[in-house]
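Student: If you scroll down you'll find the structure; I have some questions about it.
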Amino acid sequence: RLIGLRFLAPARNKFIVSDHALKGISLMVRLSLVFASAVLFCLPLQAQEIPRPREGVINSSGSGQLKVVTYEVMNAQATVVMLPGGSWNIGSIDPTSGMLTGTNFFIRTIPMFLAQKFNVVTMHRPENVESLRDAVLRSGQQHGQDVISLLNYALNLGKPVWLLGTSMGAISALNAVTLEKETKVSGIVISSAVANKTSSVKAGALDFPLEEIRVPVYVSGHAKDECRSTPPATTR
């Protein structure tokens, strides 16, 4: 059973809906339905239905050069930037299927977004970063600038861009949008967010100034999430 809610950033203790937000709400609903389906079923597509990805390198003021992976579909309605959790190991591109070989749940849902006409952009973990299983690194300036660079790259595809983060990827998404005050992202979708500090996790999504976010945000979680870092209560 999923726990889901949509909210917009509050201003002066009231919830407001800007013109920009109104334009994105219908798209957010479609994105959230794909996202929920991915969580529940994680249904794969046949290999021939997956467009061949492009690999390239972009510059970042954070980690220097970033290796990006782009899946682009015809008549896309938007571009999603995938921010995985865990150590951020997305694997390599399978030469036969075109899919990334990473075992991360989020990466396995790429075909579902492509089928619903969403471009998908993600990046390999920077070479000078051993692991991103560290919430402090995820919430730092260097990583934030990397995600901002990835976002700016995705904007060049000419479609609205949404940040999608799961688990520690939620920290990555919120870090970027609070660092970049004039962000051009159309919205954020996060699932099973690492929200609170614990004895083993030294930063969380709730550490960010959420009141400063001025784009639509969709939050989802699982009522039976057994991960100690992402209990269902934090989604509620």
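Starting from 1 in every chain, residues are counted up; chains themselves are A, B, ... following the order of the structure tokens, and ligands are numbered from 1 as listed.
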Neighbouring residues of range 69-78 of chain A were defined as those with any atom within 7 Å, considering only C-alpha atoms; residues of the same chain fewer than 3 positions away were excluded. Please report them as a PyMOL selection string.
Tutor: chain A and resi 51-56+114+117-123+159-161
Student: So, with only C-alpha atoms as the atoms that count, which of A:Arg214, A:Arg133, A:His143, A:Lys184 lies closest to Ser87 in chain A?
Tutor: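 For Ser87 in chain A, the nearest of the given residues is A:Arg133.
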Student: Rank A:Gln145, A:Asn104, A:Thr79, A:Ser131 by their smallest atom-to-atom distance to Ser60 in chain A, using only C-alpha atoms, and report the top residue only.
Tutor: A:Gln145
Student: Distance table requested - range 136-215 of chain A against range 61-66 of chain A, cut-off 9 Å, only C-alpha atoms: one row per qualifying residue with the closest atom pair and its distance in Å to one decimal, ordered by chain and rising residue number, as a Markdown table.
Tutor:
```
| residue | atom | partner | partner_atom | distance |
| --- | --- | --- | --- | --- |
| A:Gln141 | CA | A:Gly62 | CA | 7.2 |
| A:Gln142 | CA | A:Gly62 | CA | 4.2 |
| A:His143 | CA | A:Gly62 | CA | 6.3 |
| A:Gly144 | CA | A:Gly62 | CA | 7.5 |
| A:Gln145 | CA | A:Gly62 | CA | 5.0 |
| A:Asp146 | CA | A:Gly62 | CA | 5.4 |
| A:Val147 | CA | A:Gly62 | CA | 9.0 |
| A:Ser149 | CA | A:Ser61 | CA | 8.0 |
| A:Leu150 | CA | A:Leu66 | CA | 8.3 |
```
Student: Would you please give, as a ChimeraX atom specification, all residues of range 68-209 of chain A that DSSP assigns to strand (DSSP E or B) based on the backbone?
Tutor: /A:68-71,78-83,93,100,118-123,161-166,187-191
Student: Need the shell around Asn175 in chain A: protein/DNA/RNA residues with any atom at most 8 Å away, counting only C-alpha atoms. Skip same-chain ones fewer than 5 positions apart. Format as a VMD selection string?
Tutor: chain A and resid 138 to 140 144 208
